[in-house]
Amino acid sequence: MKIIMLGAPGAGKGTQAKKIAEKYNIPHISTGDIFRANIKNGTELGKKAKTYMDQGALVPDELVVDLVVDRVAQDDAKNGFVLDGFPRTIPQAEALDAALSKINDKVDYAIDVDVPDENIINRMSGRRACVACGGTYHIVYNPTKTEGICDACGGKLILRDDDQPETVKNRLKVYHEQTQPLIEYYSKKGILKSVDGTQDMAEVFQCIVDILEV
Ligand code: ADP
Ligand code: ADP
Ligand code: ZN
């Protein structure tokens with residue numbers, strides 16, 4: 001089962017991707033998480049990516065594509081994966097398709113988590129991320145047991161720099177210009193599935209399970 005998650009920043013891609021990965025025992029591959037891990041470890045890639053991420057811009061395709069193509073070729077991804085945050089541009093989608101078709105494979109589902117822009121600022125300003133494990137919470141919709149502390153690992157929670165409202169506005173603009181065209185791209189391939197992302201997390205997940213299990 002090879003799945004990609006589409007949707008605006010903050011639509012709930014990561015939240016749902018983690019649940020899918022757990023239920024179907026496939027790896028959750030998040031390009032945002034990969035970049036943040038590189039930033040934390042001070043790698044060259046991390047340094048380059050940070051300059052774009054801080055502005056709410058996309059990291060250039062050439063810094064992302066090889067990384068993902070290598071990752072999906074690893075053994076644990078043979079029977080499936082859920083890609084979260086990739087592809088974000090048409091060239092990225094084409095590169096993924098080309099890499100998979102080389103091994104006679106393809107994406108099975110492109111799941112679009114649909115949330116209108118009005119809801120996004122609220123989602124993002126309440127998002128809290130664990131500095132230690134990358135776990136994601138929301139101060140209202142998915143609070144931790146102890147405020148500011150990760151339930152999973154006890155790490156400290158922060159508001160990501162790029163989740164500040166000014167940066168979020170730019171990320172939304174970038175989403176509409178560069179990523180939204182993927183909806184048509186996958187629709188033409190006949191594998192686009194849309195879910196209403198304004199429902200609560202469990203309801204969204206149930207809709208996704210219904211799609212995957214028909
Ligand atoms: P969100 O979860 O809010 O959608 P991500 O964690 O997926 O955000 O991504 C954070 C940032 O990392 C993006 O704003 C962008 O700068 C960069 N990034 C992540 N994935 C990609 C990608 N596939 N192509 C280009 N940039 C990316
Ligand atoms: P994305 O990966 O698309 O950027 P996230 O999964 O990180 O989005 O979700 C963004 C924020 O919204 C997080 O704080 C998350 O806890 C919260 N969230 C996710 N799904 C829902 C939902 N269905 N209803 C309310 N809040 C949600
Ligand atoms: Zn944690």
# chains A, B, ... in the order shown; residues from 1 in each chain; ligands from 1

call {"tool": "closest_atom_pairs", "arguments": {"of": "chain A", "to": "ligand 2", "cutoff": "9 Å", "atoms": "only C-alpha atoms and all ligand atoms", "output": "Markdown table"}}
result
| residue | atom | partner | partner_atom_place_in_ligand_line | distance |
| --- | --- | --- | --- | --- |
| A:Met5 | CA | ligand 2 | 3 (O) | 8.4 |
| A:Leu6 | CA | ligand 2 | 3 (O) | 8.0 |
| A:Gly7 | CA | ligand 2 | 3 (O) | 6.2 |
| A:Ala8 | CA | ligand 2 | 3 (O) | 6.1 |
| A:Pro9 | CA | ligand 2 | 4 (O) | 4.1 |
| A:Gly10 | CA | ligand 2 | 4 (O) | 3.3 |
| A:Ala11 | CA | ligand 2 | 3 (O) | 4.0 |
| A:Gly12 | CA | ligand 2 | 6 (O) | 3.3 |
| A:Lys13 | CA | ligand 2 | 3 (O) | 3.6 |
| A:Gly14 | CA | ligand 2 | 2 (O) | 3.5 |
| A:Thr15 | CA | ligand 2 | 6 (O) | 3.6 |
| A:Gln16 | CA | ligand 2 | 6 (O) | 6.4 |
| A:Ala17 | CA | ligand 2 | 6 (O) | 7.9 |
| A:Lys18 | CA | ligand 2 | 6 (O) | 8.6 |
| A:Ser30 | CA | ligand 2 | 2 (O) | 8.6 |
| A:Gly32 | CA | ligand 2 | 2 (O) | 8.7 |
| A:Asp84 | CA | ligand 2 | 2 (O) | 7.1 |
| A:Gly85 | CA | ligand 2 | 2 (O) | 7.2 |
| A:Val113 | CA | ligand 2 | 3 (O) | 7.8 |
| A:Ile120 | CA | ligand 2 | 12 (O) | 8.0 |
| A:Asn122 | CA | ligand 2 | 12 (O) | 8.1 |
| A:Arg123 | CA | ligand 2 | 12 (O) | 4.4 |
| A:Met124 | CA | ligand 2 | 11 (C) | 5.5 |
| A:Ser125 | CA | ligand 2 | 14 (O) | 7.9 |
| A:Gly126 | CA | ligand 2 | 14 (O) | 5.7 |
| A:Arg127 | CA | ligand 2 | 14 (O) | 3.2 |
| A:Arg128 | CA | ligand 2 | 14 (O) | 5.9 |
| A:Ala129 | CA | ligand 2 | 14 (O) | 7.9 |
| A:Gly135 | CA | ligand 2 | 7 (O) | 8.9 |
| A:Thr136 | CA | ligand 2 | 16 (O) | 5.7 |
| A:Tyr137 | CA | ligand 2 | 16 (O) | 4.1 |
| A:His138 | CA | ligand 2 | 14 (O) | 3.7 |
| A:Ile139 | CA | ligand 2 | 14 (O) | 7.2 |
| A:Val140 | CA | ligand 2 | 26 (N) | 7.8 |
| A:Tyr141 | CA | ligand 2 | 26 (N) | 4.9 |
| A:Asn142 | CA | ligand 2 | 16 (O) | 5.3 |
| A:Pro143 | CA | ligand 2 | 16 (O) | 8.0 |
| A:Asp196 | CA | ligand 2 | 23 (N) | 8.8 |
| A:Gly197 | CA | ligand 2 | 23 (N) | 5.6 |
| A:Thr198 | CA | ligand 2 | 23 (N) | 5.6 |
| A:Gln199 | CA | ligand 2 | 23 (N) | 5.2 |
| A:Asp200 | CA | ligand 2 | 23 (N) | 4.0 |
| A:Met201 | CA | ligand 2 | 23 (N) | 3.7 |
| A:Ala202 | CA | ligand 2 | 23 (N) | 7.3 |
| A:Glu203 | CA | ligand 2 | 23 (N) | 7.5 |
| A:Val204 | CA | ligand 2 | 23 (N) | 6.2 |
| A:Phe205 | CA | ligand 2 | 23 (N) | 8.5 |

call {"tool": "residues_around", "arguments": {"residues": "Ala77 in chain A", "least_positions_apart": "3", "cutoff": "10 Å", "atoms": "only C-alpha atoms", "output": "list in words"}}
result
Met1, Lys2, Ile26, Pro27, His28, Ile29, Arg71, Val72, Ala73, Gln74, Gly80, Phe81 and Val82 of chain A

call {"tool": "write_last_selection", "arguments": {"atoms": "C-alpha atoms", "output": "compact mmCIF listing (two decimals), in the first residue's frame"}}
result
# COMPACT_ATOMS: atom_id res chain seq x y z
CA MET A 1 0.00 0.00 0.00
CA LYS A 2 1.80 3.13 -1.24
CA ILE A 26 4.24 0.63 7.02
CA PRO A 27 6.84 3.40 7.47
CA HIS A 28 5.74 7.02 7.88
CA ILE A 29 8.09 9.14 5.80
CA ARG A 71 14.22 6.40 1.23
CA VAL A 72 11.34 4.68 -0.58
CA ALA A 73 13.82 2.22 -2.12
CA GLN A 74 14.79 0.91 1.31
CA GLY A 80 4.23 0.16 1.35
CA PHE A 81 4.77 3.56 2.87
CA VAL A 82 2.88 6.68 3.74

call {"tool": "residues_near_ligand", "arguments": {"ligand": "ligand 3", "cutoff": "10 Å", "atoms": "only C-alpha atoms and all ligand atoms", "output": "JSON, numbers by chain"}}
result
{"A": [129, 130, 131, 132, 133, 134, 135, 136, 137, 149, 150, 151, 152, 153, 154, 155, 156, 157]}

call {"tool": "write_last_selection", "arguments": {"atoms": "N, CA, C and O atoms", "output": "PDB file, in the first residue's frame"}}
result
ATOM      1  N   ALA A 129       5.051  21.096  19.041  1.00  0.00           N
ATOM      2  CA  ALA A 129       5.897  19.991  18.597  1.00  0.00           C
ATOM      3  C   ALA A 129       6.918  19.666  19.674  1.00  0.00           C
ATOM      4  O   ALA A 129       7.446  20.558  20.334  1.00  0.00           O
ATOM      5  N   CYS A 130       7.203  18.375  19.833  1.00  0.00           N
ATOM      6  CA  CYS A 130       8.189  17.946  20.820  1.00  0.00           C
ATOM      7  C   CYS A 130       9.590  18.122  20.244  1.00  0.00           C
ATOM      8  O   CYS A 130       9.867  17.631  19.149  1.00  0.00           O
ATOM      9  N   VAL A 131      10.474  18.810  20.969  1.00  0.00           N
ATOM     10  CA  VAL A 131      11.840  19.019  20.464  1.00  0.00           C
ATOM     11  C   VAL A 131      12.626  17.712  20.450  1.00  0.00           C
ATOM     12  O   VAL A 131      13.565  17.557  19.672  1.00  0.00           O
ATOM     13  N   ALA A 132      12.230  16.755  21.278  1.00  0.00           N
ATOM     14  CA  ALA A 132      13.002  15.512  21.369  1.00  0.00           C
ATOM     15  C   ALA A 132      12.563  14.475  20.342  1.00  0.00           C
ATOM     16  O   ALA A 132      13.387  13.921  19.625  1.00  0.00           O
ATOM     17  N   CYS A 133      11.252  14.197  20.237  1.00  0.00           N
ATOM     18  CA  CYS A 133      10.817  13.098  19.360  1.00  0.00           C
ATOM     19  C   CYS A 133      10.006  13.562  18.157  1.00  0.00           C
ATOM     20  O   CYS A 133       9.650  12.745  17.310  1.00  0.00           O
ATOM     21  N   GLY A 134       9.692  14.845  18.072  1.00  0.00           N
ATOM     22  CA  GLY A 134       8.937  15.332  16.918  1.00  0.00           C
ATOM     23  C   GLY A 134       7.436  15.110  17.023  1.00  0.00           C
ATOM     24  O   GLY A 134       6.690  15.442  16.109  1.00  0.00           O
ATOM     25  N   GLY A 135       6.980  14.523  18.118  1.00  0.00           N
ATOM     26  CA  GLY A 135       5.541  14.311  18.320  1.00  0.00           C
ATOM     27  C   GLY A 135       4.776  15.633  18.205  1.00  0.00           C
ATOM     28  O   GLY A 135       5.306  16.690  18.534  1.00  0.00           O
ATOM     29  N   THR A 136       3.542  15.536  17.704  1.00  0.00           N
ATOM     30  CA  THR A 136       2.753  16.743  17.466  1.00  0.00           C
ATOM     31  C   THR A 136       1.471  16.725  18.286  1.00  0.00           C
ATOM     32  O   THR A 136       0.784  15.703  18.353  1.00  0.00           O
ATOM     33  N   TYR A 137       1.153  17.861  18.876  1.00  0.00           N
ATOM     34  CA  TYR A 137      -0.057  17.993  19.692  1.00  0.00           C
ATOM     35  C   TYR A 137      -0.764  19.282  19.301  1.00  0.00           C
ATOM     36  O   TYR A 137      -0.272  20.057  18.486  1.00  0.00           O
ATOM     37  N   ILE A 149       4.658  19.420  28.013  1.00  0.00           N
ATOM     38  CA  ILE A 149       5.510  18.225  28.112  1.00  0.00           C
ATOM     39  C   ILE A 149       4.949  17.112  27.224  1.00  0.00           C
ATOM     40  O   ILE A 149       3.761  16.806  27.275  1.00  0.00           O
ATOM     41  N   CYS A 150       5.829  16.505  26.406  1.00  0.00           N
ATOM     42  CA  CYS A 150       5.407  15.450  25.485  1.00  0.00           C
ATOM     43  C   CYS A 150       4.935  14.210  26.236  1.00  0.00           C
ATOM     44  O   CYS A 150       5.654  13.692  27.097  1.00  0.00           O
ATOM     45  N   ASP A 151       3.736  13.725  25.912  1.00  0.00           N
ATOM     46  CA  ASP A 151       3.214  12.501  26.527  1.00  0.00           C
ATOM     47  C   ASP A 151       4.111  11.296  26.212  1.00  0.00           C
ATOM     48  O   ASP A 151       4.285  10.414  27.048  1.00  0.00           O
ATOM     49  N   ALA A 152       4.630  11.268  24.988  1.00  0.00           N
ATOM     50  CA  ALA A 152       5.360  10.080  24.544  1.00  0.00           C
ATOM     51  C   ALA A 152       6.745   9.972  25.183  1.00  0.00           C
ATOM     52  O   ALA A 152       7.166   8.885  25.550  1.00  0.00           O
ATOM     53  N   CYS A 153       7.454  11.098  25.318  1.00  0.00           N
ATOM     54  CA  CYS A 153       8.865  10.981  25.741  1.00  0.00           C
ATOM     55  C   CYS A 153       9.263  11.945  26.853  1.00  0.00           C
ATOM     56  O   CYS A 153      10.421  11.917  27.298  1.00  0.00           O
ATOM     57  N   GLY A 154       8.362  12.809  27.285  1.00  0.00           N
ATOM     58  CA  GLY A 154       8.718  13.743  28.361  1.00  0.00           C
ATOM     59  C   GLY A 154       9.488  14.964  27.879  1.00  0.00           C
ATOM     60  O   GLY A 154       9.901  15.810  28.683  1.00  0.00           O
ATOM     61  N   GLY A 155       9.700  15.056  26.544  1.00  0.00           N
ATOM     62  CA  GLY A 155      10.427  16.202  25.974  1.00  0.00           C
ATOM     63  C   GLY A 155       9.627  17.495  26.086  1.00  0.00           C
ATOM     64  O   GLY A 155       8.432  17.491  26.388  1.00  0.00           O
ATOM     65  N   LYS A 156      10.331  18.608  25.817  1.00  0.00           N
ATOM     66  CA  LYS A 156       9.700  19.917  25.913  1.00  0.00           C
ATOM     67  C   LYS A 156       8.950  20.247  24.611  1.00  0.00           C
ATOM     68  O   LYS A 156       9.437  19.951  23.521  1.00  0.00           O
ATOM     69  N   LEU A 157       7.781  20.855  24.751  1.00  0.00           N
ATOM     70  CA  LEU A 157       7.009  21.227  23.560  1.00  0.00           C
ATOM     71  C   LEU A 157       7.258  22.682  23.188  1.00  0.00           C
ATOM     72  O   LEU A 157       7.358  23.545  24.057  1.00  0.00           O
TER      73      LEU A 157
END

call {"tool": "closest_atom_pairs", "arguments": {"of": "chain A", "to": "ligand 1", "cutoff": "6 Å", "atoms": "only C-alpha atoms and all ligand atoms", "output": "CSV"}}
result
residue,atom,partner,partner_atom_place_in_ligand_line,distance
A:Pro9,CA,ligand 1,4 (O),3.6
A:Gly10,CA,ligand 1,3 (O),4.8
A:Thr31,CA,ligand 1,20 (N),4.4
A:Gly32,CA,ligand 1,6 (O),3.4
A:Asp33,CA,ligand 1,6 (O),5.9
A:Tyr52,CA,ligand 1,16 (O),5.5
A:Met53,CA,ligand 1,16 (O),3.6
A:Gly56,CA,ligand 1,14 (O),4.9
A:Ala57,CA,ligand 1,16 (O),4.9
A:Leu58,CA,ligand 1,26 (N),3.8
A:Val59,CA,ligand 1,26 (N),3.8
A:Pro60,CA,ligand 1,25 (C),5.9
A:Val64,CA,ligand 1,24 (N),5.9
A:Gly85,CA,ligand 1,7 (O),4.2
A:Phe86,CA,ligand 1,23 (N),3.9
A:Pro87,CA,ligand 1,23 (N),4.9
A:Arg88,CA,ligand 1,23 (N),4.8

call {"tool": "closest_residue", "arguments": {"among": "A:Tyr24, A:Phe35, A:Tyr185, A:Tyr175", "to": "Leu212 in chain A", "atoms": "only C-alpha atoms"}}
result
A:Tyr24

call {"tool": "closest_residue", "arguments": {"among": "A:Asn41, A:Thr51, A:Gln180, A:Asn119", "to": "Val168 in chain A", "atoms": "only C-alpha atoms"}}
result
A:Asn119
